[in-house]
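Only one structure is covered here, and it is reproduced in the block below.
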Amino acid sequence: MPNQNLQLLIPFFLILSLLGSIHSTPITPSTSILQQFKQAPEFYNSPNCPSILKSNDYHLCYDNAVHVAMTLDAAYIRGSMAAILSVLQHSSCPQNIVFHFVTSASSNASLLHATIAASFPYLKFQVYPFDDSYVARLISTSIRSALDCPLNYARSYFPSILPSCIQKIVYLDSDLVLVDDIAKLSETPLADDIVLAAPEYCNANFTTYFTPTFWSNPSLSLTFANRKACYFNTGVMVIDLARWRAGDYTRRLEEWMELQKRMRIYELGSLPPFMLVFAGNIAPVDHKWNQHGLGGDNFRGLCRDLHPGPVSLLHWSGKGKPWVRLDNNRPCPLDALWAPYDLFKTPYSIDS
């Protein structure tokens with residue numbers, strides 16, 4: 001049983017993570033990050049991996065590659081580094097993975113690029129600046145200030161930020177680790193005119209994601225008419241960028257954000273616009289690809305257990321982040337499953 005195997009590893013990893021985090025220092029945007037991470041081992045393709053060929057002169061336009069997109073900033077880079085390592089470590093074709101990192105135009109992109117390159121010198125990747133000044137004007141305050149960061153909305157703009165040769169991506173949040181081959185997730189079929197795939201949670205109370213103002217307005221509540229709309233978490237998605245561009249879905253998301261500025265129709269950051277546009281029209285993904293909520297709720301971030309069933313991806317969505325809890329010597333049991341992917345240098349780190 002996959003969950004039983006994970007639970008058996010927790011006591012051992014918890015001891016290691018506690019020893020390694022006794023005196024570690026949390027990263028802040030003002031902290032120098034370049035020398036704070038160990039170099040990851042290099043991973044190689046298995047013999048049966050397909051060759052990846054460039055589709056044009058742009059150096060990252062590889063056919064047959066798995067294109068992974070993430071946002072990147074100094075505050076969350078420790079989580080990003082762990083996520084990258086987990087993707088590579090569990091891939092059968094790690095040399096066929098290309099990473100696309102989007103960061104705020106106001107951040108030190110060259111330092112972030114150098115930090116990634118120092119820990120993953122063999123990695124195929126690019127860092128793209130995101131001018132968040134426009135989307136910042138559309139953002140309404142939500143229930144947690146961290147959700148209001150303009151970079152959280154960058155995923156709505158990936159189709160215009162990334163080169164047009166990139167046709168499909170796997171989007172990942174920074175607070176997760178994979179324990180399975182990302183190629184399996186990337187191969188999720190997107191039938192007909194479906195733009196994205198994600199795990200759906202139809203048992204969740206969908207109505208709570210929108211305000212009474214929304215549901216009491218017939219012209220708004222009819223948005224979901226003839227759609228079997230379910231909650232889905234936007235931290236793990238497979239996106240067809242070509243179909244997104246053709247359907248101008250960025251503009252559709254912006255229209256809902258503009259309405260939110262005039263009348264409050266939701267409370268939870270960048271998620272509700274995605275549900276308003278896509279819920280009921282997405283391709284399903286097995287729940288094992290987003291064991292989410294491990295960071296607790298948006299207010300207290302309390303410890304949570306795994307959901308029943310197999311596990312391919314562990315996601316610390318919610319307020320509690322594993323690296324913060326480990327640094328504070330107050331980890332949750334499942335944080336021990338994140339710790340082995342942590343490249344952060346502690347006083348007890350030994351570089352290989």
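Ligands are numbered from 1 in the order shown, residues from 1 within each chain, and chains are lettered A, B, ... in the order they appear in the structure tokens.
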
With a distance cut-off of 12 Å and only C-alpha atoms, select the neighbouring residues of region 243-246 of chain A, excluding the residue or stretch itself and same-chain residues fewer than 2 positions from it, and output the selection as an MDAnalysis selection string. chainID A and resid 155:169 190:196 238:241 248:253 277:278

Write the residues of the selection above to a file with N, CA and C atoms, as a compact mmCIF listing (two decimals), in the first residue's frame.
```txt
# COMPACT_ATOMS: atom_id res chain seq x y z
N ARG A 155 0.44 32.44 -13.57
CA ARG A 155 0.05 31.26 -14.35
C ARG A 155 -1.03 31.60 -15.37
N SER A 156 -1.77 32.66 -15.13
CA SER A 156 -2.77 33.09 -16.10
C SER A 156 -2.13 33.69 -17.35
N TYR A 157 -0.85 34.01 -17.27
CA TYR A 157 -0.16 34.69 -18.37
C TYR A 157 0.94 33.83 -19.00
N PHE A 158 1.08 32.59 -18.57
CA PHE A 158 2.10 31.72 -19.14
C PHE A 158 2.02 31.60 -20.67
N PRO A 159 0.82 31.50 -21.23
CA PRO A 159 0.75 31.37 -22.70
C PRO A 159 1.38 32.53 -23.45
N SER A 160 1.39 33.73 -22.88
CA SER A 160 2.02 34.86 -23.54
C SER A 160 3.47 35.06 -23.11
N ILE A 161 3.83 34.56 -21.94
CA ILE A 161 5.20 34.71 -21.44
C ILE A 161 6.12 33.68 -22.09
N LEU A 162 5.67 32.45 -22.17
CA LEU A 162 6.51 31.39 -22.73
C LEU A 162 6.53 31.45 -24.25
N PRO A 163 7.60 30.97 -24.88
CA PRO A 163 7.69 30.99 -26.35
C PRO A 163 6.53 30.24 -27.00
N SER A 164 6.11 30.69 -28.17
CA SER A 164 4.97 30.08 -28.86
C SER A 164 5.23 28.64 -29.25
N CYS A 165 6.50 28.25 -29.30
CA CYS A 165 6.81 26.86 -29.65
C CYS A 165 6.45 25.89 -28.54
N ILE A 166 6.26 26.38 -27.32
CA ILE A 166 5.87 25.52 -26.20
C ILE A 166 4.36 25.31 -26.27
N GLN A 167 3.95 24.11 -26.57
CA GLN A 167 2.54 23.81 -26.81
C GLN A 167 1.81 23.30 -25.58
N LYS A 168 2.53 22.63 -24.67
CA LYS A 168 1.89 22.05 -23.49
C LYS A 168 2.84 22.10 -22.32
N ILE A 169 2.31 22.40 -21.14
CA ILE A 169 3.14 22.45 -19.94
C ILE A 169 2.46 21.68 -18.82
N LEU A 190 -5.95 15.37 -23.32
CA LEU A 190 -6.83 16.54 -23.35
C LEU A 190 -7.68 16.43 -24.61
N ALA A 191 -8.87 15.92 -24.46
CA ALA A 191 -9.72 15.63 -25.62
C ALA A 191 -10.36 16.89 -26.17
N ASP A 192 -10.64 16.85 -27.47
CA ASP A 192 -11.42 17.88 -28.17
C ASP A 192 -10.87 19.28 -27.88
N ASP A 193 -11.71 20.13 -27.28
CA ASP A 193 -11.30 21.51 -27.04
C ASP A 193 -10.94 21.77 -25.58
N ILE A 194 -10.63 20.72 -24.83
CA ILE A 194 -10.27 20.88 -23.43
C ILE A 194 -8.91 21.56 -23.32
N VAL A 195 -8.82 22.56 -22.45
CA VAL A 195 -7.61 23.36 -22.33
C VAL A 195 -6.70 22.88 -21.21
N LEU A 196 -7.28 22.41 -20.12
CA LEU A 196 -6.43 22.00 -19.00
C LEU A 196 -6.97 20.76 -18.31
N VAL A 238 -2.14 20.38 -16.02
CA VAL A 238 -1.59 20.16 -17.37
C VAL A 238 -2.34 21.10 -18.29
N ILE A 239 -1.61 21.97 -19.01
CA ILE A 239 -2.24 23.02 -19.79
C ILE A 239 -1.81 22.96 -21.25
N ASP A 240 -2.80 22.98 -22.14
CA ASP A 240 -2.54 23.09 -23.58
C ASP A 240 -2.43 24.58 -23.91
N LEU A 241 -1.20 25.06 -24.08
CA LEU A 241 -0.98 26.49 -24.30
C LEU A 241 -1.51 26.94 -25.66
N ASP A 248 -8.07 32.78 -26.09
CA ASP A 248 -7.87 34.02 -25.34
C ASP A 248 -8.38 33.88 -23.90
N TYR A 249 -7.95 32.80 -23.24
CA TYR A 249 -8.45 32.53 -21.90
C TYR A 249 -7.89 33.49 -20.86
N THR A 250 -6.76 34.09 -21.11
CA THR A 250 -6.25 35.08 -20.18
C THR A 250 -7.24 36.24 -20.04
N ARG A 251 -7.78 36.68 -21.15
CA ARG A 251 -8.75 37.77 -21.12
C ARG A 251 -10.01 37.36 -20.36
N ARG A 252 -10.43 36.11 -20.49
CA ARG A 252 -11.61 35.65 -19.78
C ARG A 252 -11.40 35.69 -18.26
N LEU A 253 -10.19 35.31 -17.82
CA LEU A 253 -9.87 35.38 -16.41
C LEU A 253 -9.85 36.83 -15.92
N VAL A 277 -13.97 30.11 -15.08
CA VAL A 277 -13.72 29.92 -16.51
C VAL A 277 -13.68 28.44 -16.89
N PHE A 278 -13.09 27.61 -16.03
CA PHE A 278 -12.80 26.24 -16.45
C PHE A 278 -13.60 25.14 -15.74
```

Check: If you run DSSP on the backbone, which residues of region 171-342 of chain A are helix (DSSP H, G or I), as a ChimeraX atom specification?
Finding: /A:182-186,206-209,212-215,218-224,241-247,249-262,271-278,287-289,322-327,333-337,339-341

Name all residues at most 8 Å from Ser106 (chain A) (count only C-alpha atoms; drop same-chain ones fewer than 2 positions away) and give them as an MDAnalysis selection string.
chainID A and resid 104 108 131

Write the residues of the preceding selection, restricted to N, CA and C atoms, as a compact mmCIF listing (two decimals), in the first residue's frame.
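Below you can see again09.txt, which holds the result:
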```txt
# COMPACT_ATOMS: atom_id res chain seq x y z
N SER A 104 8.88 37.75 -10.98
CA SER A 104 8.49 39.15 -11.09
C SER A 104 9.59 39.97 -11.74
N ASN A 108 15.35 39.97 -8.60
CA ASN A 108 16.71 39.82 -9.13
C ASN A 108 16.76 38.53 -9.94
N ASP A 131 6.00 41.10 -15.94
CA ASP A 131 5.62 42.45 -15.56
C ASP A 131 4.27 42.39 -14.86
```

The residue from A:Lys228, A:Lys321, A:His113, A:Arg262 with the smallest atom-to-atom distance to Ala75 (chain A), counting only C-alpha atoms, is A:Lys321

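Taking only C-alpha atoms into account, Arg264 (chain A) lies nearest to A:Thr211 out of the set A:Asn203, A:Thr211, A:His67, A:Ser92.
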
Pick out the residues sitting within 10 Å of Phe206 (chain A), and hand them over as a PyMOL selection string; count only C-alpha atoms, and ignore anything fewer than 3 positions along from it in its own chain. chain A and resi 201-203+209-210+229-232+275

Using only C-alpha atoms, which protein or nucleic acid residues come within 10 Å of region 299-312 of chain A? Drop anything in the same chain fewer than 2 positions from it, and give the result as a PDB file with C-alpha atoms, in the first residue's frame.
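What follows is the written file selection-v4.pdb:
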```
ATOM      1  CA  MET A   1       0.000   0.000   0.000  1.00  0.00           C
ATOM      2  CA  PRO A   2       1.666   3.274  -1.085  1.00  0.00           C
ATOM      3  CA  ASN A   3       0.370   5.287   1.892  1.00  0.00           C
ATOM      4  CA  GLN A   4       1.568   2.670   4.356  1.00  0.00           C
ATOM      5  CA  LEU A   6       5.146   6.565   3.139  1.00  0.00           C
ATOM      6  CA  GLN A   7       4.000   6.441   6.748  1.00  0.00           C
ATOM      7  CA  HIS A  90      11.652  10.248  -9.900  1.00  0.00           C
ATOM      8  CA  ILE A 143      -8.558  35.912   3.101  1.00  0.00           C
ATOM      9  CA  ARG A 144      -4.738  35.541   3.337  1.00  0.00           C
ATOM     10  CA  VAL A 177       7.269  17.233  -4.189  1.00  0.00           C
ATOM     11  CA  LEU A 178       6.701  14.412  -6.648  1.00  0.00           C
ATOM     12  CA  VAL A 179       7.262  10.768  -5.805  1.00  0.00           C
ATOM     13  CA  ASP A 180       6.334   9.478  -9.270  1.00  0.00           C
ATOM     14  CA  ASP A 181       7.375  10.054 -12.891  1.00  0.00           C
ATOM     15  CA  ILE A 182       6.115  13.425 -14.125  1.00  0.00           C
ATOM     16  CA  LYS A 184       2.811  10.097 -16.590  1.00  0.00           C
ATOM     17  CA  LEU A 185       1.140  13.335 -15.537  1.00  0.00           C
ATOM     18  CA  ASP A 286      -6.208  10.971 -10.672  1.00  0.00           C
ATOM     19  CA  HIS A 287      -6.239  12.402  -7.137  1.00  0.00           C
ATOM     20  CA  LYS A 288      -2.866  10.783  -6.433  1.00  0.00           C
ATOM     21  CA  TRP A 289      -1.322  13.613  -8.463  1.00  0.00           C
ATOM     22  CA  ASN A 290      -2.327  16.230  -5.914  1.00  0.00           C
ATOM     23  CA  GLN A 291      -2.407  15.088  -2.309  1.00  0.00           C
ATOM     24  CA  HIS A 292      -3.081  18.699  -1.390  1.00  0.00           C
ATOM     25  CA  GLY A 293      -3.870  20.523   1.833  1.00  0.00           C
ATOM     26  CA  LEU A 294      -0.815  19.288   3.739  1.00  0.00           C
ATOM     27  CA  GLY A 295      -0.142  22.890   4.787  1.00  0.00           C
ATOM     28  CA  GLY A 296      -3.438  23.007   6.655  1.00  0.00           C
ATOM     29  CA  ASP A 297      -6.025  25.721   6.131  1.00  0.00           C
ATOM     30  CA  LEU A 314       2.522  15.678  -2.035  1.00  0.00           C
ATOM     31  CA  TRP A 316       1.660  21.576   1.109  1.00  0.00           C
ATOM     32  CA  SER A 317      -1.088  23.971  -0.003  1.00  0.00           C
ATOM     33  CA  GLY A 318      -2.414  26.073   2.862  1.00  0.00           C
ATOM     34  CA  LYS A 319      -0.654  28.340   5.313  1.00  0.00           C
ATOM     35  CA  GLY A 320       1.879  25.886   6.748  1.00  0.00           C
ATOM     36  CA  LYS A 321       5.026  25.293   4.675  1.00  0.00           C
ATOM     37  CA  ARG A 325       7.872  24.399  10.308  1.00  0.00           C
ATOM     38  CA  PRO A 331       7.286  20.035  12.035  1.00  0.00           C
ATOM     39  CA  CYS A 332       4.201  18.066  11.200  1.00  0.00           C
ATOM     40  CA  PRO A 333       4.737  14.312  10.677  1.00  0.00           C
ATOM     41  CA  LEU A 334       4.337  14.535   6.897  1.00  0.00           C
ATOM     42  CA  ASP A 335       6.948  17.310   6.667  1.00  0.00           C
TER      43      ASP A 335
END
```

| said: Please identify the strand (DSSP E or B) residues within region 51-141 of chain A (assignment by DSSP from backbone atoms) and present them as a ChimeraX atom specification. | reply: /A:53-54,62-63,66-71,97-104,124-130

Could you please take those selected residues and save C-alpha atoms as a PDB file, in the first residue's frame?
```pdb
ATOM      1  CA  LEU A  53      14.779  17.428 -30.928  1.00  0.00           C
ATOM      2  CA  LYS A  54      14.491  21.169 -31.299  1.00  0.00           C
ATOM      3  CA  TYR A  62      12.288  20.628 -27.734  1.00  0.00           C
ATOM      4  CA  ASP A  63       9.800  18.182 -29.177  1.00  0.00           C
ATOM      5  CA  VAL A  66       8.208  17.407 -20.730  1.00  0.00           C
ATOM      6  CA  HIS A  67       7.887  21.155 -20.205  1.00  0.00           C
ATOM      7  CA  VAL A  68       7.440  22.127 -16.556  1.00  0.00           C
ATOM      8  CA  ALA A  69       6.397  25.675 -15.613  1.00  0.00           C
ATOM      9  CA  MET A  70       6.755  27.207 -12.157  1.00  0.00           C
ATOM     10  CA  THR A  71       6.902  30.647 -10.605  1.00  0.00           C
ATOM     11  CA  ILE A  97      12.606  17.680 -18.848  1.00  0.00           C
ATOM     12  CA  VAL A  98      12.724  21.415 -19.548  1.00  0.00           C
ATOM     13  CA  PHE A  99      11.893  23.921 -16.815  1.00  0.00           C
ATOM     14  CA  HIS A 100      10.363  27.350 -17.393  1.00  0.00           C
ATOM     15  CA  PHE A 101      10.535  29.684 -14.387  1.00  0.00           C
ATOM     16  CA  VAL A 102       8.537  32.908 -14.279  1.00  0.00           C
ATOM     17  CA  THR A 103       9.564  35.610 -11.818  1.00  0.00           C
ATOM     18  CA  SER A 104       8.486  39.151 -11.093  1.00  0.00           C
ATOM     19  CA  LYS A 124      17.603  22.780 -19.239  1.00  0.00           C
ATOM     20  CA  PHE A 125      15.803  25.890 -18.043  1.00  0.00           C
ATOM     21  CA  GLN A 126      15.009  29.541 -18.597  1.00  0.00           C
ATOM     22  CA  VAL A 127      13.888  32.347 -16.282  1.00  0.00           C
ATOM     23  CA  TYR A 128      11.298  34.741 -17.701  1.00  0.00           C
ATOM     24  CA  PRO A 129      10.434  38.169 -16.261  1.00  0.00           C
ATOM     25  CA  PHE A 130       6.772  38.842 -15.545  1.00  0.00           C
TER      26      PHE A 130
END
```

From CA of Tyr341 (chain A) to CA of Ala82 (chain A) the spacing works out at 4.8 Å

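Between CA of Gln36 (chain A) and CA of Met81 (chain A) lies a distance of 11.1 Å.
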
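Using only C-alpha atoms for every distance, the candidate list A:Leu313, A:Tyr153, A:Ala105, A:Pro199 yields A:Tyr153 as the residue closest to Ser140 (chain A).
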